[in-house]
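Chemist: Sharing upload_32.cif here; it has mmCIF, C-alpha atoms and all ligand atoms.
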data_model
loop_
_atom_site.label_atom_id
_atom_site.label_comp_id
_atom_site.auth_asym_id
_atom_site.auth_seq_id
_atom_site.Cartn_x
_atom_site.Cartn_y
_atom_site.Cartn_z
CA MET W 3 32.57 10.09 7.97
CA SER W 4 29.37 9.21 9.80
CA SER W 5 29.33 11.39 12.88
CA LEU W 6 26.10 12.20 14.62
CA LEU W 7 24.85 13.73 17.85
CA LEU W 8 21.50 12.46 19.10
CA LYS W 9 20.23 15.04 21.57
CA ASN W 10 17.92 14.89 24.55
CA GLY W 11 16.39 11.43 24.09
CA ARG W 12 15.63 8.71 26.64
CA ILE W 13 18.66 6.48 26.21
CA ILE W 14 17.81 2.87 27.05
CA ASP W 15 20.68 0.39 26.92
CA PRO W 16 19.63 -2.74 28.84
CA ALA W 17 23.10 -4.29 28.43
CA SER W 18 24.52 -1.61 30.75
CA HIS W 19 21.30 -1.01 32.76
CA ARG W 20 21.28 2.52 31.41
CA ASP W 21 17.97 4.42 31.29
CA GLU W 22 18.34 8.20 31.35
CA ILE W 23 17.64 11.34 29.36
CA GLY W 24 20.76 12.45 27.54
CA ASP W 25 22.79 12.82 24.36
CA LEU W 26 24.43 10.04 22.38
CA LEU W 27 27.52 10.75 20.35
CA VAL W 28 28.50 8.76 17.26
CA ILE W 29 31.91 9.23 15.65
CA ASP W 30 32.97 7.37 12.50
CA GLY W 31 30.21 4.80 12.81
CA LEU W 32 30.94 3.87 16.43
CA ILE W 33 29.37 4.90 19.75
CA ALA W 34 31.78 7.50 21.15
CA ASP W 35 32.73 8.53 24.66
CA PRO W 36 30.52 11.54 25.50
CA ALA W 37 33.62 13.38 26.71
CA THR W 38 35.17 13.25 23.21
CA LEU W 39 35.34 16.53 21.34
CA PRO W 40 32.87 16.09 18.45
CA PRO W 41 34.18 16.76 14.92
CA ALA W 42 33.30 20.11 13.33
CA GLU W 43 31.07 18.65 10.58
CA ILE W 44 28.65 16.72 12.77
CA SER W 45 24.92 16.41 12.16
CA THR W 46 22.60 16.83 15.12
CA LEU W 47 19.21 15.22 15.64
CA ASP W 48 16.73 16.40 18.29
CA CYS W 49 15.36 13.28 20.01
CA THR W 50 13.08 14.97 22.53
CA GLY W 51 10.25 12.57 23.42
CA LEU W 52 11.95 9.64 21.68
CA LEU W 53 13.73 6.55 22.93
CA ILE W 54 17.31 6.05 21.81
CA ALA W 55 17.76 2.27 21.81
CA PRO W 56 20.37 -0.14 20.46
CA GLY W 57 19.43 -1.19 16.92
CA LEU W 58 16.79 -3.90 17.10
CA ILE W 59 17.81 -7.46 16.17
CA ASP W 60 15.47 -10.10 14.69
CA CYS W 61 16.94 -13.59 14.75
CA HIS W 62 14.17 -15.20 12.67
CA VAL W 63 13.62 -13.74 9.20
CA HIS W 64 13.02 -15.27 5.77
CA LEU W 65 14.65 -13.05 3.12
CA ARG W 66 13.83 -15.65 0.43
CA GLU W 67 17.03 -15.19 -1.59
CA PRO W 68 18.45 -17.13 -3.32
CA GLY W 69 15.68 -18.64 -5.36
CA GLN W 70 12.39 -17.06 -4.29
CA SER W 71 12.84 -13.42 -5.21
CA ALA W 72 9.21 -13.07 -6.29
CA LYS W 73 8.32 -13.25 -2.57
CA GLU W 74 11.18 -11.11 -1.23
CA THR W 75 14.76 -10.10 -1.98
CA ILE W 76 17.63 -9.20 0.28
CA ALA W 77 17.13 -5.59 -0.87
CA SER W 78 13.36 -5.45 -0.17
CA GLY W 79 13.53 -7.58 2.99
CA THR W 80 16.22 -5.42 4.58
CA ARG W 81 14.27 -2.27 3.65
CA ALA W 82 11.23 -3.74 5.43
CA ALA W 83 13.45 -4.55 8.41
CA ALA W 84 14.79 -0.98 8.52
CA ALA W 85 11.21 0.34 8.37
CA GLY W 86 10.45 -1.79 11.43
CA GLY W 87 13.44 -0.42 13.36
CA PHE W 88 15.73 -3.41 12.80
CA THR W 89 19.44 -2.94 12.19
CA SER W 90 20.29 -6.67 12.13
CA VAL W 91 18.43 -9.77 11.04
CA VAL W 92 19.31 -13.45 10.86
CA ALA W 93 18.30 -14.96 7.51
CA MET W 94 16.81 -18.45 7.60
CA PRO W 95 18.36 -21.13 5.35
CA ASN W 96 15.23 -22.61 3.71
CA THR W 97 15.98 -20.88 0.42
CA SER W 98 16.52 -22.44 -2.99
CA PRO W 99 19.20 -23.75 -2.97
CA THR W 100 19.19 -24.22 0.79
CA VAL W 101 21.98 -22.66 2.83
CA ASP W 102 23.82 -25.93 3.43
CA SER W 103 27.24 -25.12 1.96
CA PRO W 104 29.84 -22.36 2.43
CA SER W 105 29.30 -21.09 -1.12
CA VAL W 106 25.63 -20.22 -0.51
CA VAL W 107 26.58 -18.57 2.81
CA SER W 108 29.14 -16.41 0.97
CA TRP W 109 26.69 -15.62 -1.83
CA ILE W 110 24.13 -14.24 0.66
CA ARG W 111 26.71 -12.31 2.66
CA GLU W 112 28.15 -10.69 -0.47
CA LYS W 113 24.72 -9.78 -1.83
CA ALA W 114 23.67 -8.40 1.57
CA ALA W 115 26.83 -6.28 1.74
CA THR W 116 26.00 -4.59 -1.57
CA GLU W 117 22.18 -4.63 -1.70
CA GLY W 118 21.10 -4.82 1.93
CA VAL W 119 20.50 -1.64 3.94
CA ILE W 120 21.06 -3.28 7.33
CA ASN W 121 23.26 -6.10 8.73
CA VAL W 122 22.33 -9.57 7.52
CA PHE W 123 23.60 -12.51 9.51
CA VAL W 124 23.22 -15.98 8.04
CA ALA W 125 21.96 -19.16 9.67
CA GLY W 126 23.15 -22.38 8.06
CA ALA W 127 21.08 -25.54 7.67
CA ILE W 128 21.71 -28.30 10.19
CA THR W 129 21.22 -31.02 7.59
CA LYS W 130 21.88 -31.21 3.84
CA GLY W 131 18.89 -29.89 1.90
CA ILE W 132 17.08 -29.41 5.25
CA ALA W 133 16.10 -33.05 4.80
CA GLY W 134 16.76 -34.02 8.42
CA GLU W 135 19.11 -36.90 7.59
CA GLU W 136 22.73 -36.06 6.83
CA LEU W 137 24.60 -33.26 8.62
CA ALA W 138 25.60 -30.23 6.53
CA PRO W 139 29.30 -29.15 6.58
CA VAL W 140 29.04 -27.21 9.85
CA GLY W 141 32.73 -26.28 10.18
CA ALA W 142 33.04 -24.99 6.61
CA MET W 143 29.85 -22.94 6.97
CA LYS W 144 31.11 -21.51 10.26
CA GLN W 145 34.29 -20.43 8.45
CA ALA W 146 32.09 -18.81 5.79
CA GLY W 147 30.40 -16.79 8.53
CA ILE W 148 27.19 -18.42 9.79
CA VAL W 149 26.04 -17.38 13.27
CA ALA W 150 23.63 -20.27 14.00
CA LEU W 151 22.27 -23.56 12.70
CA THR W 152 18.63 -24.33 11.96
CA ASP W 153 16.48 -26.43 9.64
CA ASP W 154 13.66 -23.88 10.11
CA GLY W 155 10.50 -24.72 8.24
CA HIS W 156 11.42 -28.32 8.96
CA CYS W 157 12.30 -30.25 12.10
CA ILE W 158 14.80 -33.08 12.48
CA GLN W 159 12.66 -36.03 13.58
CA ASN W 160 15.51 -38.43 14.28
CA ALA W 161 16.78 -37.70 17.81
CA GLU W 162 20.13 -39.34 17.07
CA VAL W 163 20.75 -36.97 14.12
CA MET W 164 19.79 -34.04 16.36
CA ARG W 165 22.18 -35.29 19.04
CA ARG W 166 25.11 -35.47 16.55
CA ALA W 167 24.18 -32.01 15.26
CA LEU W 168 24.37 -30.63 18.79
CA GLU W 169 27.77 -32.17 19.35
CA TYR W 170 29.13 -30.55 16.18
CA ALA W 171 27.42 -27.25 16.93
CA ARG W 172 28.98 -27.16 20.39
CA MET W 173 32.47 -27.76 18.96
CA PHE W 174 32.03 -24.73 16.71
CA GLY W 175 30.35 -22.55 19.32
CA LEU W 176 27.07 -22.36 17.38
CA VAL W 177 23.56 -22.37 18.79
CA VAL W 178 21.05 -24.76 17.20
CA MET W 179 17.67 -23.10 16.58
CA ASP W 180 14.77 -25.48 16.16
CA HIS W 181 11.37 -25.29 14.52
CA CYS W 182 9.63 -27.69 16.94
CA GLN W 183 7.19 -29.96 15.09
CA ASP W 184 6.59 -33.70 15.45
CA TYR W 185 5.58 -34.81 11.97
CA ASN W 186 3.56 -37.84 13.01
CA VAL W 187 1.48 -35.90 15.51
CA VAL W 188 0.96 -32.88 13.24
CA GLY W 189 0.27 -34.83 10.07
CA LYS W 190 -1.41 -32.58 7.52
CA GLY W 191 -2.64 -30.13 10.17
CA VAL W 192 -3.18 -26.56 8.99
CA MET W 193 -4.62 -24.88 12.10
CA HIS W 194 -4.71 -25.36 15.88
CA GLU W 195 -6.47 -28.61 16.77
CA GLY W 196 -9.45 -27.69 18.90
CA ARG W 197 -13.09 -26.69 18.83
CA VAL W 198 -12.63 -24.21 15.98
CA SER W 199 -10.78 -26.68 13.71
CA ILE W 200 -13.58 -29.20 14.23
CA GLU W 201 -16.25 -26.59 13.45
CA LEU W 202 -14.41 -25.46 10.31
CA GLY W 203 -13.59 -29.00 9.20
CA LEU W 204 -9.90 -28.22 8.81
CA PRO W 205 -7.17 -30.70 9.81
CA GLY W 206 -5.76 -29.86 13.25
CA TRP W 207 -2.12 -29.12 14.23
CA PRO W 208 -2.17 -30.08 17.92
CA ALA W 209 -0.11 -28.25 20.56
CA LEU W 210 1.31 -31.66 21.46
CA GLY W 211 3.17 -31.64 18.12
CA GLU W 212 5.25 -28.70 19.38
CA GLU W 213 5.51 -29.69 23.04
CA LEU W 214 6.94 -33.16 22.31
CA ILE W 215 9.88 -31.64 20.44
CA VAL W 216 10.46 -28.92 23.07
CA GLN W 217 10.62 -31.69 25.68
CA ARG W 218 13.00 -33.74 23.49
CA ASN W 219 15.18 -30.66 23.02
CA ALA W 220 15.34 -30.15 26.79
CA LEU W 221 16.64 -33.71 27.18
CA LEU W 222 19.16 -33.36 24.34
CA ALA W 223 20.41 -29.92 25.41
CA ASP W 224 20.96 -31.34 28.89
CA LEU W 225 22.70 -34.49 27.65
CA CYS W 226 25.02 -32.66 25.23
CA GLN W 227 25.33 -29.48 27.32
CA ALA W 228 24.78 -27.62 24.08
CA PRO W 229 22.33 -24.73 23.63
CA ILE W 230 19.07 -25.22 21.75
CA HIS W 231 16.85 -22.29 20.92
CA CYS W 232 13.18 -23.21 20.36
CA GLN W 233 11.79 -20.94 17.65
CA HIS W 234 8.31 -19.38 17.47
CA LEU W 235 6.69 -21.10 20.49
CA SER W 236 2.91 -21.06 20.23
CA SER W 237 1.69 -23.33 23.02
CA GLY W 238 1.34 -22.65 26.74
CA GLY W 239 2.55 -26.20 27.38
CA SER W 240 5.87 -25.40 25.68
CA VAL W 241 6.37 -22.47 28.07
CA ARG W 242 5.88 -24.76 31.07
CA ILE W 243 8.42 -27.30 29.73
CA LEU W 244 10.91 -24.51 28.98
CA ARG W 245 10.44 -22.95 32.43
CA GLU W 246 11.10 -26.28 34.14
CA ALA W 247 14.19 -26.98 31.99
CA ARG W 248 15.68 -23.54 32.57
CA LYS W 249 15.11 -23.86 36.33
CA ARG W 250 17.30 -26.96 36.18
CA GLY W 251 20.05 -25.04 34.35
CA ILE W 252 19.52 -26.67 30.95
CA PRO W 253 20.76 -24.41 28.09
CA LEU W 254 17.35 -24.15 26.44
CA THR W 255 15.86 -20.85 25.23
CA GLY W 256 12.59 -19.92 23.61
CA GLU W 257 11.20 -17.29 21.28
CA VAL W 258 7.74 -15.80 20.77
CA CYS W 259 6.39 -14.08 17.64
CA PRO W 260 3.87 -11.20 17.68
CA HIS W 261 1.04 -13.05 15.93
CA HIS W 262 1.00 -15.80 18.56
CA ILE W 263 0.12 -13.28 21.28
CA ALA W 264 -2.04 -11.00 19.10
CA LEU W 265 -4.45 -13.50 17.53
CA THR W 266 -6.24 -16.77 18.31
CA ASP W 267 -7.61 -19.60 16.17
CA GLU W 268 -10.97 -17.78 16.24
CA SER W 269 -9.51 -15.48 13.52
CA LEU W 270 -9.60 -18.38 11.06
CA ARG W 271 -13.38 -18.43 10.83
CA GLY W 272 -13.20 -16.28 7.69
CA PHE W 273 -10.79 -18.79 6.03
CA ASP W 274 -8.42 -15.89 5.28
CA THR W 275 -5.05 -17.48 4.45
CA ASN W 276 -3.24 -14.44 5.87
CA PHE W 277 -3.99 -16.01 9.25
CA LYS W 278 -2.30 -19.29 8.31
CA MET W 279 1.12 -19.82 9.81
CA ASN W 280 3.28 -22.58 11.25
CA PRO W 281 2.98 -23.18 14.17
CA PRO W 282 -0.66 -22.06 14.07
CA LEU W 283 -2.55 -19.44 16.06
CA ARG W 284 -3.78 -21.06 19.26
CA THR W 285 -6.15 -20.12 22.11
CA ALA W 286 -6.55 -17.22 24.55
CA ARG W 287 -5.20 -19.50 27.30
CA ASP W 288 -2.04 -20.13 25.29
CA ILE W 289 -1.64 -16.37 24.82
CA ASP W 290 -1.91 -15.82 28.59
CA THR W 291 0.78 -18.43 29.26
CA LEU W 292 3.09 -17.10 26.52
CA ILE W 293 2.81 -13.60 27.99
CA GLU W 294 3.43 -14.98 31.50
CA GLY W 295 6.55 -16.64 30.11
CA ILE W 296 7.75 -13.37 28.61
CA ALA W 297 7.06 -11.55 31.89
CA ASP W 298 8.85 -14.05 34.16
CA GLY W 299 11.95 -14.44 31.98
CA THR W 300 11.21 -17.93 30.65
CA ILE W 301 11.02 -16.48 27.12
CA THR W 302 14.13 -14.41 26.36
CA ILE W 303 13.80 -13.72 22.64
CA LEU W 304 11.16 -11.95 20.56
CA ALA W 305 11.26 -12.40 16.78
CA SER W 306 9.01 -11.99 13.75
CA ASP W 307 9.31 -15.15 11.62
CA HIS W 308 8.88 -12.70 8.71
CA ALA W 309 7.65 -15.04 5.97
CA PRO W 310 6.65 -13.28 2.73
CA HIS W 311 4.53 -15.11 0.14
CA CYS W 312 3.14 -13.93 -3.20
CA GLN W 313 -0.52 -13.03 -3.40
CA TYR W 314 -1.25 -15.76 -5.96
CA GLU W 315 0.23 -18.37 -3.61
CA LYS W 316 -2.01 -17.26 -0.73
CA GLU W 317 -5.16 -16.86 -2.87
CA VAL W 318 -6.01 -20.57 -2.85
CA GLU W 319 -8.04 -22.89 -0.66
CA PHE W 320 -7.05 -22.68 2.99
CA ASP W 321 -5.37 -26.07 3.26
CA GLN W 322 -3.41 -25.49 0.03
CA ALA W 323 -1.95 -22.09 1.00
CA PRO W 324 1.64 -21.80 2.25
CA PHE W 325 2.24 -21.06 5.94
CA GLY W 326 3.58 -17.67 7.03
CA ILE W 327 2.99 -13.93 7.23
CA LEU W 328 4.96 -10.68 7.00
CA GLY W 329 6.38 -9.55 10.32
CA LEU W 330 9.19 -7.02 10.33
CA GLU W 331 7.22 -3.78 9.97
CA THR W 332 4.51 -4.64 12.50
CA GLU W 333 6.71 -6.44 15.03
CA PHE W 334 7.74 -3.63 17.37
CA GLY W 335 4.29 -2.02 17.26
CA LEU W 336 2.52 -5.28 18.16
CA PHE W 337 4.93 -6.27 20.92
CA HIS W 338 4.93 -2.79 22.43
CA ASP W 339 1.18 -2.38 22.12
CA ILE W 340 0.38 -5.75 23.70
CA LEU W 341 3.18 -6.33 26.22
CA VAL W 342 3.90 -2.79 27.46
CA HIS W 343 0.95 -0.57 26.57
CA GLN W 344 -2.08 -2.87 27.10
CA LYS W 345 -1.06 -5.76 29.37
CA LYS W 346 1.80 -4.04 31.20
CA ALA W 347 3.51 -7.45 31.37
CA ILE W 348 7.00 -5.96 30.94
CA ASP W 349 8.49 -2.46 30.93
CA LEU W 350 10.14 -0.66 28.03
CA PRO W 351 13.74 -1.50 28.99
CA ARG W 352 12.86 -5.22 29.12
CA LEU W 353 11.09 -5.04 25.75
CA ILE W 354 14.22 -3.43 24.28
CA ALA W 355 16.40 -6.13 25.89
CA LEU W 356 14.30 -8.91 24.35
CA LEU W 357 14.87 -7.33 20.93
CA THR W 358 18.56 -6.38 21.31
CA ILE W 359 21.03 -7.74 23.85
CA GLU W 360 19.19 -11.04 24.39
CA PRO W 361 19.39 -12.16 20.72
CA ALA W 362 22.93 -10.71 20.48
CA ARG W 363 24.02 -12.89 23.42
CA LEU W 364 22.24 -15.96 22.08
CA LEU W 365 24.13 -15.68 18.79
CA GLY W 366 27.37 -14.17 20.06
CA LEU W 367 26.96 -10.97 18.00
CA ASP W 368 28.92 -7.81 18.86
CA ARG W 369 25.64 -5.85 18.68
CA GLY W 370 22.67 -4.96 20.82
CA THR W 371 24.35 -2.36 23.04
CA LEU W 372 25.11 1.35 23.09
CA ALA W 373 28.43 0.81 24.93
CA VAL W 374 31.31 3.09 23.93
CA GLY W 375 33.15 1.52 20.98
CA ALA W 376 30.20 -0.60 19.79
CA PRO W 377 28.98 -0.26 16.18
CA ALA W 378 26.55 2.68 16.07
CA ASP W 379 23.45 0.64 15.24
CA ILE W 380 20.66 2.69 16.81
CA THR W 381 16.88 2.71 16.65
CA LEU W 382 14.85 5.78 17.58
CA LEU W 383 11.43 4.78 18.87
CA ASP W 384 8.31 6.76 19.68
CA PRO W 385 6.39 4.69 22.26
CA SER W 386 3.35 6.99 22.21
CA LEU W 387 2.92 7.21 18.45
CA VAL W 388 -0.48 5.84 17.42
CA TRP W 389 -0.44 4.53 13.85
CA THR W 390 -2.40 2.26 11.53
CA VAL W 391 -0.87 -0.64 9.62
CA ASP W 392 -1.16 -0.13 5.86
CA LYS W 393 0.07 -3.11 3.85
CA GLU W 394 0.21 -1.02 0.67
CA LYS W 395 2.99 1.04 2.25
CA SER W 396 5.09 -2.02 3.10
CA ALA W 397 8.67 -2.13 1.81
CA SER W 398 8.35 -5.89 1.40
CA ARG W 399 7.68 -7.42 -2.02
CA SER W 400 4.74 -9.30 -0.49
CA ARG W 401 1.49 -8.22 1.17
CA ASN W 402 0.52 -11.22 3.31
CA THR W 403 -0.26 -9.62 6.65
CA PRO W 404 -3.33 -10.19 8.84
CA PHE W 405 -2.75 -6.83 10.54
CA HIS W 406 -3.77 -4.49 7.69
CA GLY W 407 -5.88 -1.68 9.16
CA LYS W 408 -4.93 -2.42 12.77
CA THR W 409 -4.12 0.55 14.99
CA LEU W 410 -1.07 0.19 17.23
CA THR W 411 0.71 2.30 19.82
CA GLY W 412 4.49 2.57 19.49
CA ARG W 413 6.69 2.61 16.44
CA ALA W 414 10.27 3.01 15.25
CA VAL W 415 10.78 6.42 13.65
CA CYS W 416 14.42 6.24 12.57
CA THR W 417 16.90 3.42 11.93
CA ILE W 418 20.63 4.05 12.01
CA VAL W 419 23.23 1.48 10.91
CA ALA W 420 26.91 2.15 11.63
CA GLY W 421 26.10 5.83 12.09
CA HIS W 422 24.19 6.16 8.80
CA THR W 423 20.45 6.82 8.77
CA VAL W 424 18.98 4.05 6.58
CA TRP W 425 15.29 4.76 7.21
CA LYS W 426 13.21 7.58 8.65
CA LEU W 427 9.45 7.80 9.10
ZN ZN Q 1 9.52 -22.13 11.46
#
Using structure tokens, write down the structure from this file.
Ligand SMILES: [Zn+2]
Modeler:
Amino acid sequence: MSSLLLKNGRIIDPASHRDEIGDLLVIDGLIADPATLPPAEISTLDCTGLLIAPGLIDCHVHLREPGQSAKETIASGTRAAAAGGFTSVVAMPNTSPTVDSPSVVSWIREKAATEGVINVFVAGAITKGIAGEELAPVGAMKQAGIVALTDDGHCIQNAEVMRRALEYARMFGLVVMDHCQDYNVVGKGVMHEGRVSIELGLPGWPALGEELIVQRNALLADLCQAPIHCQHLSSGGSVRILREARKRGIPLTGEVCPHHIALTDESLRGFDTNFKMNPPLRTARDIDTLIEGIADGTITILASDHAPHCQYEKEVEFDQAPFGILGLETEFGLFHDILVHQKKAIDLPRLIALLTIEPARLLGLDRGTLAVGAPADITLLDPSLVWTVDKEKSASRSRNTPFHGKTLTGRAVCTIVAGHTVWKL
């Protein structure tokens, strides 16, 4: 059985406010009481200088199966996740076919159980075909095992449909996660609307297009008393709306991705499509406000929006290229480097919380903690390790990252799922 003794590491478990140097005992795939007599055939790992954290959780990942396995598969996507320190991911439903029926949910869960190296949780579509019109069978998908609802990649424009979706979601205890984009305002926008978009002659995607939907979601979450999670927030204005709503007790949460605090629209001057994502890279002022929101607790979730695309799809004219970049393997390094190492906006325990217990609570997962009896999903992290991103070494099937060659401080060095080591640097 999977029994393991992790020795002399800095154990950080934000769920129990634990932060101390010590040993962590794993017996039969579960976190064990340290007073238990360990079994005779136990393997020991020296963790001196390392952090022992709950396995990281990413609630926004595109694994691309079924239907787009040239970009990524459940096997390759979960290997990339493990190499980034993640023990659990939530797979987005904009696959082909879309995850809008219990049979597709079961198909992914069965494939993940045999081919995935980490835990894969499934988000179901809110509407059939992610078309924003007719609700998908929420109850049947919940029975099949979904942990959340989202039309990610798309956004329900009709507020009445969104309201009905929230009422159903609340009945089944599911959070609705929303890709906030007003289609009329955004139009054919491909980059942040501002000085740079005008200079480059590219159609703009204004911050207003996101903020309008965040504001609508605040009103709907309040009216229905049902939680809405706003995915990948890019605009400072969204943070201010979210802060105000949360102050009033509205069940609204928000998430930030690494690229939105690492890069601005200035990076698009080279027309490199690896800098094209949705929502787009914005300005230095937006970055400051996003980081403020992370520091003051307005933003409670960090995620990657890992979005693999084939090279031939990205090697086209800028406005023709698909939106999205790889994220899983650079996520912890970027967040740690920017938020803890450079800006000192948050401390290590808070960073770990934003990547573990916070998403676990949002989705109601029995993960994200090192409490006795919890599944032994553990990530060993080296916060002082300086490393350089090399896209050729990625476990993903795709290579679309803007961070190739970037040097970062902090990295996962070992990923353990249910007591088994699934990846080691
Ligand atoms: Zn999205």
Chemist: Throw together the list of residues within 8 Å of ligand ZN 1 (chain Q), counting all atoms listed in the file, and drop it here as number ranges by chain.
Modeler: W: 154-156, 180-182, 233-234, 280-281, 307
Chemist: Quick one: of W:Arg245, W:His261, W:Arg284, W:Lys9, who's nearest to Asp298 (chain W), counting all atoms listed in the file?
Modeler: W:Arg245
Chemist: Can you tell me which residues surround region 34-44 of chain W at a distance of at most 8 Å, considering all atoms listed in the file, apart from same-chain residues fewer than 6 positions away, and format the answer as a list of chain:residue names?
Modeler: W:Ser5, W:Leu6, W:Leu7, W:Asp25, W:Leu26, W:Leu27, W:Val28, W:Val374, W:Gly375
Chemist: For Gly51 (chain W), which residue out of W:Gly118, W:Gly11, W:Gly407, W:Gly421 is the nearest one, using all atoms listed in the file?
Modeler: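 Result for the nearest residue to Gly51 (chain W): W:Gly11.
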Chemist: Restricting the calculation to only C-alpha atoms: of W:Thr403, W:Thr390, W:Thr300, W:Ser105, which residue gets closest to Met279 (chain W)?
Modeler: W:Thr403
Chemist: Rank nothing, just name the residue among W:Leu410, W:Leu221, W:Leu53, W:Ile243 nearest to Gln344 (chain W), using all atoms listed in the file.
Modeler: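 With all atoms listed in the file as the atom set, the closest residue is W:Leu410.
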Chemist: Could you tell me how far CA of Val140 (chain W) lies from CA of Arg165 (chain W), in Å and to one decimal?
Modeler: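 Atom-to-atom, CA of Val140 (chain W) and CA of Arg165 (chain W) are spaced 14.0 Å apart.
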Chemist: Counting only C-alpha atoms, which residues have an atom no more than 9 Å from (1.8, 4.5, 18.3) in the file's coordinates? Please list them as a PyMOL selection string.
Modeler: chain W and resi 335+338-339+384-390+409-413
Chemist: Counting all atoms listed in the file, find residues at most 12 Å from (28.5, -35.3, 28.9) (file frame) and give them as a ChimeraX atom specification.
Modeler: /W:165,168-169,172,222-228
Chemist: Using all atoms listed in the file, determine which residues lie at most 12 Å from Leu202 (chain W), disregarding the query and same-chain residues fewer than 4 positions distant; provide the list as a PyMOL selection string.
Modeler: chain W and resi 192-198+206+267-273+320-321
Chemist: Have a look at CA of Cys416 (chain W) and CA of Leu336 (chain W) and let me know their distance in Å, one decimal.
Modeler: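 Between CA of Cys416 (chain W) and CA of Leu336 (chain W) the gap works out to 17.5 Å.
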Chemist: Taking all atoms listed in the file into account, name the residue in W:Thr291, W:Gln217, W:Thr129, W:Thr75 that is nearest to Val241 (chain W).
Modeler: W:Thr291
